[in-house]
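Have a look at start36.txt below; it lists compact mmCIF, N, CA and C atoms.
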```
# COMPACT_ATOMS: atom_id res chain seq x y z
N MET A 1196 33.09 2.13 37.30
CA MET A 1196 32.51 1.12 36.45
C MET A 1196 30.99 1.21 36.44
N ARG A 1197 30.41 1.71 37.50
CA ARG A 1197 28.95 1.84 37.55
C ARG A 1197 28.47 3.01 36.70
N VAL A 1198 29.32 3.92 36.40
CA VAL A 1198 28.95 5.11 35.64
C VAL A 1198 28.70 4.76 34.17
N LEU A 1199 29.45 3.82 33.63
CA LEU A 1199 29.33 3.46 32.22
C LEU A 1199 27.92 2.98 31.86
N PRO A 1200 27.33 2.04 32.59
CA PRO A 1200 25.97 1.62 32.24
C PRO A 1200 24.96 2.77 32.37
N LEU A 1201 25.15 3.65 33.35
CA LEU A 1201 24.23 4.77 33.50
C LEU A 1201 24.34 5.74 32.33
N CYS A 1202 25.57 5.97 31.86
CA CYS A 1202 25.77 6.86 30.71
C CYS A 1202 25.14 6.26 29.45
N LEU A 1203 25.31 4.96 29.25
CA LEU A 1203 24.73 4.30 28.08
C LEU A 1203 23.20 4.36 28.14
N LEU A 1204 22.62 4.17 29.32
CA LEU A 1204 21.18 4.25 29.47
C LEU A 1204 20.69 5.67 29.17
N ALA A 1205 21.41 6.67 29.65
CA ALA A 1205 21.03 8.06 29.40
C ALA A 1205 21.09 8.37 27.91
N LEU A 1206 22.12 7.89 27.22
CA LEU A 1206 22.24 8.12 25.78
C LEU A 1206 21.11 7.43 25.02
N LEU A 1207 20.77 6.23 25.45
CA LEU A 1207 19.70 5.48 24.81
C LEU A 1207 18.38 6.21 24.95
N LEU A 1208 18.08 6.67 26.13
CA LEU A 1208 16.83 7.39 26.35
C LEU A 1208 16.81 8.72 25.61
N ALA A 1209 17.93 9.41 25.56
CA ALA A 1209 18.00 10.68 24.85
C ALA A 1209 17.81 10.47 23.36
N GLY A 1210 18.38 9.40 22.84
CA GLY A 1210 18.25 9.10 21.42
C GLY A 1210 16.82 8.77 21.05
N CYS A 1211 16.12 8.05 21.90
CA CYS A 1211 14.74 7.69 21.62
C CYS A 1211 13.82 8.89 21.74
N SER A 1212 14.13 9.82 22.61
CA SER A 1212 13.25 10.97 22.79
C SER A 1212 13.31 11.91 21.60
N THR A 1213 14.40 11.92 20.86
CA THR A 1213 14.48 12.80 19.70
C THR A 1213 13.67 12.23 18.53
N GLN A 1214 13.36 10.96 18.55
CA GLN A 1214 12.59 10.34 17.47
C GLN A 1214 11.09 10.53 17.65
N HIS A 1215 10.66 10.87 18.86
CA HIS A 1215 9.24 11.00 19.15
C HIS A 1215 8.75 12.38 18.76
N LYS A 1216 7.62 12.45 18.06
CA LYS A 1216 7.03 13.72 17.69
C LYS A 1216 5.71 13.88 18.43
N ALA A 1217 5.51 15.04 18.98
CA ALA A 1217 4.27 15.32 19.69
C ALA A 1217 3.16 15.53 18.69
N PRO A 1218 1.94 15.11 19.03
CA PRO A 1218 0.83 15.31 18.10
C PRO A 1218 0.53 16.79 17.94
N SER A 1219 0.11 17.14 16.77
CA SER A 1219 -0.19 18.54 16.47
C SER A 1219 -1.47 18.94 17.19
N THR A 1220 -1.45 20.09 17.85
CA THR A 1220 -2.62 20.56 18.59
C THR A 1220 -3.36 21.66 17.88
N THR A 1221 -2.91 22.07 16.70
CA THR A 1221 -3.59 23.13 15.97
C THR A 1221 -4.80 22.56 15.27
N ASN A 1222 -5.86 23.29 15.26
CA ASN A 1222 -7.10 22.87 14.61
C ASN A 1222 -7.38 23.72 13.39
N SER A 1223 -6.38 23.98 12.60
CA SER A 1223 -6.57 24.79 11.41
C SER A 1223 -7.17 23.93 10.31
N THR A 1224 -8.09 24.52 9.60
CA THR A 1224 -8.69 23.79 8.48
C THR A 1224 -7.96 24.21 7.22
N SER A 1225 -7.46 23.25 6.53
CA SER A 1225 -6.74 23.55 5.30
C SER A 1225 -7.35 22.73 4.18
N THR A 1226 -7.24 23.25 3.00
CA THR A 1226 -7.77 22.54 1.85
C THR A 1226 -6.80 21.43 1.48
N PRO A 1227 -7.32 20.29 1.09
CA PRO A 1227 -6.42 19.20 0.71
C PRO A 1227 -5.66 19.56 -0.55
N VAL A 1228 -4.43 19.18 -0.55
CA VAL A 1228 -3.57 19.46 -1.69
C VAL A 1228 -3.73 18.33 -2.70
N ALA A 1229 -4.05 18.71 -3.92
CA ALA A 1229 -4.21 17.72 -4.97
C ALA A 1229 -2.84 17.29 -5.48
N THR A 1230 -2.65 16.02 -5.55
CA THR A 1230 -1.38 15.51 -6.06
C THR A 1230 -1.65 14.80 -7.37
N ALA A 1231 -0.71 14.90 -8.25
CA ALA A 1231 -0.83 14.23 -9.54
C ALA A 1231 -0.61 12.74 -9.33
N PRO A 1232 -1.39 11.91 -10.02
CA PRO A 1232 -1.18 10.47 -9.87
C PRO A 1232 0.20 10.09 -10.40
N ALA A 1233 0.77 9.11 -9.76
CA ALA A 1233 2.10 8.65 -10.17
C ALA A 1233 2.02 8.01 -11.54
N LYS A 1234 2.93 8.40 -12.40
CA LYS A 1234 2.96 7.82 -13.74
C LYS A 1234 3.63 6.46 -13.66
N SER A 1235 2.97 5.50 -14.25
CA SER A 1235 3.57 4.17 -14.26
C SER A 1235 4.53 4.08 -15.43
N VAL A 1236 5.67 3.54 -15.15
CA VAL A 1236 6.69 3.36 -16.17
C VAL A 1236 6.52 1.96 -16.75
N PRO A 1237 6.33 1.86 -18.05
CA PRO A 1237 6.17 0.51 -18.63
C PRO A 1237 7.44 -0.31 -18.45
N ALA A 1238 7.26 -1.58 -18.29
CA ALA A 1238 8.40 -2.49 -18.12
C ALA A 1238 9.20 -2.52 -19.41
N ALA A 1239 10.49 -2.63 -19.24
CA ALA A 1239 11.38 -2.69 -20.41
C ALA A 1239 11.12 -3.98 -21.17
N ARG A 1240 10.88 -3.86 -22.44
CA ARG A 1240 10.64 -5.03 -23.26
C ARG A 1240 11.94 -5.40 -23.97
N PRO A 1241 12.18 -6.68 -24.08
CA PRO A 1241 13.38 -7.06 -24.82
C PRO A 1241 13.23 -6.70 -26.30
N ALA A 1242 14.37 -6.47 -26.92
CA ALA A 1242 14.36 -6.13 -28.34
C ALA A 1242 13.79 -7.31 -29.13
N PRO A 1243 13.04 -7.03 -30.21
CA PRO A 1243 12.47 -8.13 -30.98
C PRO A 1243 13.57 -8.97 -31.62
N VAL A 1244 13.40 -10.27 -31.55
CA VAL A 1244 14.37 -11.21 -32.09
C VAL A 1244 13.66 -12.03 -33.16
N ARG A 1245 14.17 -11.96 -34.38
CA ARG A 1245 13.56 -12.70 -35.48
C ARG A 1245 13.94 -14.17 -35.39
N LEU A 1246 12.99 -15.02 -35.70
CA LEU A 1246 13.20 -16.46 -35.65
C LEU A 1246 13.36 -17.00 -37.07
N TYR A 1247 14.52 -17.58 -37.36
CA TYR A 1247 14.77 -18.26 -38.62
C TYR A 1247 14.62 -19.75 -38.38
N LYS A 1248 13.76 -20.39 -39.19
CA LYS A 1248 13.53 -21.83 -38.99
C LYS A 1248 14.46 -22.71 -39.81
N ASN A 1249 15.08 -22.16 -40.86
CA ASN A 1249 16.08 -22.95 -41.59
C ASN A 1249 17.20 -22.02 -42.07
N ALA A 1250 18.35 -22.61 -42.30
CA ALA A 1250 19.55 -21.85 -42.63
C ALA A 1250 19.47 -21.19 -44.01
N GLU A 1251 18.63 -21.69 -44.90
CA GLU A 1251 18.53 -21.11 -46.24
C GLU A 1251 18.02 -19.67 -46.20
N GLU A 1252 17.26 -19.32 -45.16
CA GLU A 1252 16.76 -17.95 -45.04
C GLU A 1252 17.89 -16.96 -44.78
N LEU A 1253 19.03 -17.45 -44.31
CA LEU A 1253 20.17 -16.58 -44.00
C LEU A 1253 21.13 -16.41 -45.16
N LEU A 1254 20.90 -17.12 -46.27
CA LEU A 1254 21.81 -17.02 -47.41
C LEU A 1254 21.87 -15.59 -47.92
N GLY A 1255 23.08 -15.09 -48.09
CA GLY A 1255 23.30 -13.75 -48.59
C GLY A 1255 23.24 -12.66 -47.53
N LYS A 1256 22.95 -13.02 -46.29
CA LYS A 1256 22.89 -12.04 -45.21
C LYS A 1256 24.11 -12.23 -44.31
N PRO A 1257 24.89 -11.18 -44.09
CA PRO A 1257 26.02 -11.32 -43.18
C PRO A 1257 25.52 -11.41 -41.73
N PHE A 1258 26.07 -12.35 -40.97
CA PHE A 1258 25.67 -12.52 -39.58
C PHE A 1258 26.84 -12.99 -38.75
N ARG A 1259 26.69 -12.84 -37.44
CA ARG A 1259 27.69 -13.30 -36.48
C ARG A 1259 27.01 -14.20 -35.47
N ASP A 1260 27.58 -15.37 -35.24
CA ASP A 1260 27.04 -16.33 -34.27
C ASP A 1260 27.48 -15.92 -32.87
N LEU A 1261 26.51 -15.70 -31.96
CA LEU A 1261 26.82 -15.28 -30.60
C LEU A 1261 26.79 -16.42 -29.59
N GLY A 1262 26.37 -17.60 -30.01
CA GLY A 1262 26.34 -18.75 -29.11
C GLY A 1262 25.00 -19.46 -29.10
N GLU A 1263 24.97 -20.56 -28.40
CA GLU A 1263 23.77 -21.38 -28.30
C GLU A 1263 22.81 -20.81 -27.26
N VAL A 1264 21.52 -20.90 -27.54
CA VAL A 1264 20.48 -20.49 -26.60
C VAL A 1264 19.41 -21.58 -26.55
N SER A 1265 18.73 -21.63 -25.42
CA SER A 1265 17.63 -22.59 -25.29
C SER A 1265 16.54 -21.97 -24.43
N GLY A 1266 15.36 -22.51 -24.57
CA GLY A 1266 14.22 -22.11 -23.76
C GLY A 1266 13.40 -23.32 -23.44
N SER A 1267 12.69 -23.28 -22.31
CA SER A 1267 11.91 -24.45 -21.93
C SER A 1267 10.60 -24.05 -21.29
N SER A 1268 9.67 -24.99 -21.30
CA SER A 1268 8.38 -24.87 -20.64
C SER A 1268 8.12 -26.20 -19.95
N CYS A 1269 7.78 -26.13 -18.66
CA CYS A 1269 7.69 -27.34 -17.85
C CYS A 1269 6.26 -27.61 -17.40
N GLN A 1270 5.85 -28.86 -17.47
CA GLN A 1270 4.59 -29.32 -16.88
C GLN A 1270 4.97 -29.97 -15.56
N MET A 1271 4.67 -29.30 -14.44
CA MET A 1271 5.13 -29.76 -13.13
C MET A 1271 4.50 -31.08 -12.69
N SER A 1272 3.21 -31.27 -12.97
CA SER A 1272 2.53 -32.50 -12.57
C SER A 1272 1.57 -32.92 -13.67
N ILE A 1273 0.99 -34.06 -13.50
CA ILE A 1273 0.06 -34.56 -14.51
C ILE A 1273 -1.20 -33.71 -14.60
N GLN A 1274 -1.56 -33.04 -13.49
CA GLN A 1274 -2.74 -32.19 -13.48
C GLN A 1274 -2.46 -30.79 -14.04
N ALA A 1275 -1.22 -30.40 -14.14
CA ALA A 1275 -0.85 -29.07 -14.64
C ALA A 1275 -1.07 -29.00 -16.14
N PRO A 1276 -1.19 -27.78 -16.68
CA PRO A 1276 -1.33 -27.66 -18.14
C PRO A 1276 -0.09 -28.20 -18.85
N PRO A 1277 -0.28 -28.74 -20.05
CA PRO A 1277 0.86 -29.32 -20.77
C PRO A 1277 1.89 -28.26 -21.15
N PRO A 1278 3.12 -28.69 -21.39
CA PRO A 1278 4.15 -27.73 -21.80
C PRO A 1278 3.83 -27.16 -23.17
N ASN A 1279 4.29 -25.94 -23.40
CA ASN A 1279 3.93 -25.22 -24.60
C ASN A 1279 5.19 -24.93 -25.42
N LEU A 1280 5.22 -25.37 -26.68
CA LEU A 1280 6.37 -25.12 -27.54
C LEU A 1280 6.52 -23.63 -27.86
N ALA A 1281 5.40 -22.92 -28.00
CA ALA A 1281 5.48 -21.48 -28.28
C ALA A 1281 6.13 -20.73 -27.11
N THR A 1282 5.82 -21.14 -25.88
CA THR A 1282 6.44 -20.52 -24.71
C THR A 1282 7.93 -20.81 -24.68
N ALA A 1283 8.32 -22.04 -24.99
CA ALA A 1283 9.74 -22.40 -25.02
C ALA A 1283 10.48 -21.59 -26.08
N ARG A 1284 9.86 -21.40 -27.26
CA ARG A 1284 10.48 -20.59 -28.32
C ARG A 1284 10.63 -19.14 -27.88
N LYS A 1285 9.60 -18.59 -27.22
CA LYS A 1285 9.64 -17.20 -26.77
C LYS A 1285 10.73 -17.01 -25.72
N ARG A 1286 10.88 -17.96 -24.81
CA ARG A 1286 11.93 -17.87 -23.80
C ARG A 1286 13.32 -17.96 -24.43
N MET A 1287 13.44 -18.77 -25.47
CA MET A 1287 14.71 -18.86 -26.19
C MET A 1287 15.02 -17.50 -26.85
N GLN A 1288 14.02 -16.86 -27.44
CA GLN A 1288 14.22 -15.57 -28.07
C GLN A 1288 14.58 -14.50 -27.02
N ASN A 1289 13.97 -14.57 -25.84
CA ASN A 1289 14.30 -13.61 -24.78
C ASN A 1289 15.73 -13.77 -24.32
N ARG A 1290 16.20 -15.00 -24.22
CA ARG A 1290 17.61 -15.23 -23.83
C ARG A 1290 18.54 -14.71 -24.91
N ALA A 1291 18.17 -14.89 -26.16
CA ALA A 1291 18.99 -14.36 -27.26
C ALA A 1291 19.03 -12.84 -27.21
N SER A 1292 17.91 -12.23 -26.88
CA SER A 1292 17.86 -10.78 -26.77
C SER A 1292 18.77 -10.28 -25.66
N SER A 1293 18.85 -11.01 -24.56
CA SER A 1293 19.75 -10.60 -23.48
C SER A 1293 21.21 -10.73 -23.88
N MET A 1294 21.49 -11.50 -24.92
CA MET A 1294 22.86 -11.63 -25.44
C MET A 1294 23.11 -10.59 -26.55
N LYS A 1295 22.19 -9.66 -26.72
CA LYS A 1295 22.27 -8.61 -27.75
C LYS A 1295 22.15 -9.17 -29.16
N ALA A 1296 21.42 -10.27 -29.30
CA ALA A 1296 21.18 -10.86 -30.62
C ALA A 1296 19.91 -10.25 -31.20
N ASN A 1297 19.81 -10.22 -32.53
CA ASN A 1297 18.60 -9.75 -33.16
C ASN A 1297 17.91 -10.86 -33.96
N ALA A 1298 18.45 -12.08 -33.89
CA ALA A 1298 17.85 -13.22 -34.58
C ALA A 1298 18.27 -14.52 -33.91
N VAL A 1299 17.46 -15.56 -34.16
CA VAL A 1299 17.77 -16.90 -33.67
C VAL A 1299 17.55 -17.88 -34.80
N LEU A 1300 18.50 -18.75 -35.03
CA LEU A 1300 18.34 -19.85 -35.97
C LEU A 1300 17.90 -21.06 -35.17
N LEU A 1301 16.66 -21.49 -35.37
CA LEU A 1301 16.09 -22.60 -34.61
C LEU A 1301 16.69 -23.92 -35.07
N HIS A 1302 17.22 -24.69 -34.11
CA HIS A 1302 17.75 -26.01 -34.43
C HIS A 1302 16.71 -27.10 -34.19
N ASP A 1303 16.08 -27.07 -33.01
CA ASP A 1303 15.20 -28.17 -32.63
C ASP A 1303 14.24 -27.75 -31.53
N CYS A 1304 13.01 -28.22 -31.62
CA CYS A 1304 12.03 -28.08 -30.54
C CYS A 1304 11.41 -29.45 -30.33
N GLN A 1305 11.34 -29.86 -29.08
CA GLN A 1305 10.76 -31.17 -28.78
C GLN A 1305 10.17 -31.19 -27.38
N ILE A 1306 9.27 -32.16 -27.17
CA ILE A 1306 8.69 -32.39 -25.85
C ILE A 1306 9.26 -33.70 -25.34
N ILE A 1307 9.83 -33.65 -24.15
CA ILE A 1307 10.46 -34.85 -23.58
C ILE A 1307 9.84 -35.16 -22.22
N ARG A 1308 9.96 -36.40 -21.81
CA ARG A 1308 9.48 -36.87 -20.50
C ARG A 1308 10.65 -37.31 -19.67
N GLY A 1309 10.40 -37.43 -18.39
CA GLY A 1309 11.41 -37.98 -17.49
C GLY A 1309 12.47 -36.98 -17.07
N VAL A 1310 12.17 -35.70 -17.17
CA VAL A 1310 13.12 -34.68 -16.73
C VAL A 1310 12.88 -34.43 -15.24
N ALA A 1311 13.94 -34.29 -14.49
CA ALA A 1311 13.81 -34.06 -13.04
C ALA A 1311 13.02 -32.78 -12.78
N GLY A 1312 11.97 -32.87 -11.98
CA GLY A 1312 11.15 -31.72 -11.63
C GLY A 1312 10.01 -31.44 -12.58
N CYS A 1313 9.95 -32.12 -13.70
CA CYS A 1313 8.89 -31.90 -14.68
C CYS A 1313 8.27 -33.24 -15.08
N TYR A 1314 6.96 -33.23 -15.27
CA TYR A 1314 6.30 -34.42 -15.82
C TYR A 1314 6.63 -34.52 -17.30
N GLN A 1315 6.48 -33.38 -18.00
CA GLN A 1315 6.90 -33.25 -19.40
C GLN A 1315 7.55 -31.88 -19.54
N GLN A 1316 8.44 -31.77 -20.53
CA GLN A 1316 9.11 -30.49 -20.74
C GLN A 1316 9.25 -30.22 -22.23
N ALA A 1317 8.92 -29.00 -22.64
CA ALA A 1317 9.14 -28.56 -24.01
C ALA A 1317 10.46 -27.79 -24.03
N ILE A 1318 11.35 -28.17 -24.93
CA ILE A 1318 12.66 -27.54 -25.03
C ILE A 1318 12.90 -27.11 -26.47
N CYS A 1319 13.36 -25.87 -26.64
CA CYS A 1319 13.77 -25.37 -27.96
C CYS A 1319 15.22 -24.92 -27.87
N GLN A 1320 16.00 -25.27 -28.88
CA GLN A 1320 17.41 -24.92 -28.93
C GLN A 1320 17.71 -24.24 -30.25
N GLY A 1321 18.64 -23.28 -30.20
CA GLY A 1321 19.01 -22.57 -31.40
C GLY A 1321 20.31 -21.80 -31.21
N SER A 1322 20.66 -21.04 -32.23
CA SER A 1322 21.86 -20.21 -32.20
C SER A 1322 21.45 -18.74 -32.21
N ALA A 1323 22.01 -17.99 -31.27
CA ALA A 1323 21.77 -16.55 -31.23
C ALA A 1323 22.65 -15.90 -32.29
N LEU A 1324 22.04 -15.04 -33.11
CA LEU A 1324 22.75 -14.42 -34.21
C LEU A 1324 22.59 -12.91 -34.18
N ASN A 1325 23.60 -12.23 -34.70
CA ASN A 1325 23.50 -10.80 -34.94
C ASN A 1325 23.57 -10.62 -36.45
N VAL A 1326 22.41 -10.45 -37.06
CA VAL A 1326 22.32 -10.34 -38.52
C VAL A 1326 22.45 -8.87 -38.90
N SER A 1327 23.40 -8.58 -39.79
CA SER A 1327 23.62 -7.20 -40.24
C SER A 1327 22.58 -6.84 -41.30
N ALA A 1328 22.10 -5.62 -41.23
CA ALA A 1328 21.14 -5.15 -42.23
C ALA A 1328 21.92 -4.68 -43.45
N LYS A 1329 21.94 -5.48 -44.48
CA LYS A 1329 22.69 -5.14 -45.69
C LYS A 1329 21.94 -5.54 -46.91
```
Can you dump the structure from the file as structure tokens?
Amino acid sequence: MRVLPLCLLALLLAGCSTQHKAPSTTNSTSTPVATAPAKSVPAARPAPVRLYKNAEELLGKPFRDLGEVSGSSCQMSIQAPPPNLATARKRMQNRASSMKANAVLLHDCQIIRGVAGCYQQAICQGSALNVSAK
């Protein structure tokens, strides 16, 4: 029974010794290797989503309703900047884009008070649409 702890200790020490690298003792002078700077990959942008403000704009265009979408902008405290309707609309369009929609029919945008966690909140609601190019 005493041999088991000694074997485990020996394995532990042997495992740690293989991870250690001795410092290099050569004093060779080498020219620095030039490396190409890393190319930054631009962030994926959501597909553009057209905003229709009234249903008459859709007359004569075939479309498919993909569901309701909403976006919001919150003013956390009275000292924070006020909520922005344009930000709420843009967030609604981004959510529609994630649903593979290419358009949104805007139903309503409003600023409300008394929402939990927000002093004021801008909310926009609409329908995500897939409008066929015809």
Which centre and which edge lengths, in Å to one decimal, describe the axis-aligned box that holds all listed atoms of range 1279-1297 of chain A after 6 Å is added on each side, as JSON?
```
{"center_x": 13.5, "center_y": -17.3, "center_z": -28.7, "size_x": 31.2, "size_y": 29.3, "size_z": 22.6}
```
Which one is closest to Arg1284 in chain A: A:Gln1316, A:Ser1267, A:Asn1249, A:Asn1297? Count only C-alpha atoms.
->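 Of A:Gln1316, A:Ser1267, A:Asn1249, A:Asn1297, the one nearest Arg1284 in chain A is A:Ser1267, counting only C-alpha atoms.
Neighbourhood of point (10.7, -34.4, -25.5): residues with an atom at most 12 Å away, counting only C-alpha atoms, are Ser1267, Ser1268, Cys1269, Gln1270, Pro1278, Asn1279, Leu1280, Asp1303, Cys1304, Gln1305, Ile1306, Ile1307, Arg1308, Gly1309, Val1310, Cys1313, Tyr1314, Gln1315, Gln1316, Ala1317, Ile1318 and Cys1319 of chain A.
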Determine the nearest neighbour of Arg1259 in chain A from the options A:Ser1327, A:Gln1274, A:Thr1282, A:Asn1289, counting all atoms listed in the file.
->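 Smallest distance to Arg1259 in chain A is found for A:Ser1327.
Residue neighbourhood of Asn1325 in chain A, excluding near-sequence residues (fewer than 2 positions): Pro1257, Phe1258, Arg1259, Asp1260, Leu1261, Gly1262, Lys1295, Ala1296, Asn1297, Ala1298, Val1299, Ser1322, Ala1323, Ser1327 and Ala1328 of chain A, at 8 Å, using all atoms listed in the file.
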If you measure from CA of Gly1312 in chain A to CA of Ser1292 in chain A, what distance in Å do you get, rounded to one decimal?
->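 Between these atoms lies a distance of 26.7 Å.
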